[in-house]
Amino acid sequence: MSKATDAAETDPQGERAVLRTDGVTKRFGGLTAVDDVDVEVQNGEIVGLIGPNGAGKSTLFNCITGTLNADEGRVYLQGQDVTDWPEYKIARAGLGRMFQETRIFGDMTVRKNLLLAAQEGGASVGNLLRRPDDSLLARTEELLDYVDLGGLADTRAGRLSFGQQKLIEFAMELMAEPDLLLMDEPAGGINPAMLENLIQYIRTANEDEEATIFLIEHNMDFVMEIADRIYVLAHGERIAEGTPEEIQNDQRVLDAYLGRE
Ligand SMILES: Nc1ncnc2c1ncn2[C@@H]1O[C@H](COP(=O)(O)OP(=O)(O)OP(=O)(O)O)[C@@H](O)[C@H]1O
């Protein structure tokens, strides 16, 4: 491969960013669901993505993961241009995604679910080779302890509550040691009493596991408490970026939520 080709496949600007999108645009027929959006997530950050219903948040996530092809713009993961890569290859390059619904195997034990996740995750193929089985099992226990579910390793996953299943799913994602974890409404459907715990679990993973996290969230209290920085989309456009405090005091954001644009 020539030097020139190499250069074209790397991020010309944000080498330090785990994720950078440059002018990502996605249209569905006449509707521009994501309009020229730039976002950047640095290593170790927890970044929120908010906006009213239909703002384009999920579509932007889908363009990042390769579930959808952007019509315009580029997506860089760890400085590498992954825009035209298939979804599985982007996942293997270190991008994890946690959906609102869980993908747990209900008939299997919690431990088995975690071990399977380690095998599935792209980065973890290498991990499996590097890690002896014992250490993979130890890792399972460690992650279950993180989310205070250590006692449930031998329980059938289908017997757990929705909130517990979400925590298992979170632990499953961490098994693959992603460079970046995209989370789709982690607080959705979680019992309000458990929300503080969830914030703590995500923070611990961020600090101890160096998990970099980009999350869509409708629960404002939750996202304001957990995020280092927040991006706001409305009608596909990025209308604001800043700390939770800046975002809460941004008139454009208030207007967008009140439908006053
Ligand atoms: N596959 C699709 N085909 C046609 N239109 C779509 C498709 N996916 C999304 N849209 C439209 O694109 C716009 C953005 O949708 P998207 O789901 O990305 O918004 P969102 O911010 O995630 O919304 P919500 O918070 O309600 O989940 C909406 O108007 C939606 O109807």
# chains A, B, ... in the order shown; residues from 1 in each chain; ligands from 1

call {"tool": "residues_near_ligand", "arguments": {"ligand": "ligand 1", "cutoff": "7 Å", "atoms": "only C-alpha atoms and all ligand atoms", "output": "MDAnalysis selection string"}}
result
chainID A and resid 28 31 33 51:60 236

call {"tool": "residues_around", "arguments": {"residues": "Gly44 in chain A", "least_positions_apart": "6", "cutoff": "10 Å", "atoms": "only C-alpha atoms", "output": "list in words"}}
result
Ala17, Val18, Asp179, Leu180, Asn206, Glu207, Glu209, Glu210, Ala211, Thr212, Ile213 and Asp228 of chain A

call {"tool": "closest_residue", "arguments": {"among": "A:Lys112, A:Arg139, A:Arg74, A:Arg252", "to": "Ala157 in chain A", "atoms": "only C-alpha atoms"}}
result
A:Lys112

call {"tool": "select_by_dssp", "arguments": {"residues": "range 36-169 of chain A", "states": "strand (DSSP E or B)", "output": "list of chain:residue names"}}
result
A:Asp36, A:Val37, A:Asp38, A:Val39, A:Glu40, A:Val41, A:Gln42, A:Ile46, A:Val47, A:Gly48, A:Leu49, A:Ile50, A:Glu72, A:Gly73, A:Arg74, A:Val75, A:Tyr76, A:Leu77, A:Gln80, A:Asp81, A:Leu95, A:Gly96, A:Arg97, A:Met98, A:Thr109, A:Arg156

call {"tool": "closest_residue", "arguments": {"among": "A:Gly94, A:Gly66, A:Pro244, A:Gly259", "to": "Leu181 in chain A", "atoms": "only C-alpha atoms"}}
result
A:Gly94

call {"tool": "closest_residue", "arguments": {"among": "A:Val37, A:Ile104, A:Leu198, A:Val24", "to": "Gly73 in chain A", "atoms": "only C-alpha atoms"}}
result
A:Val24
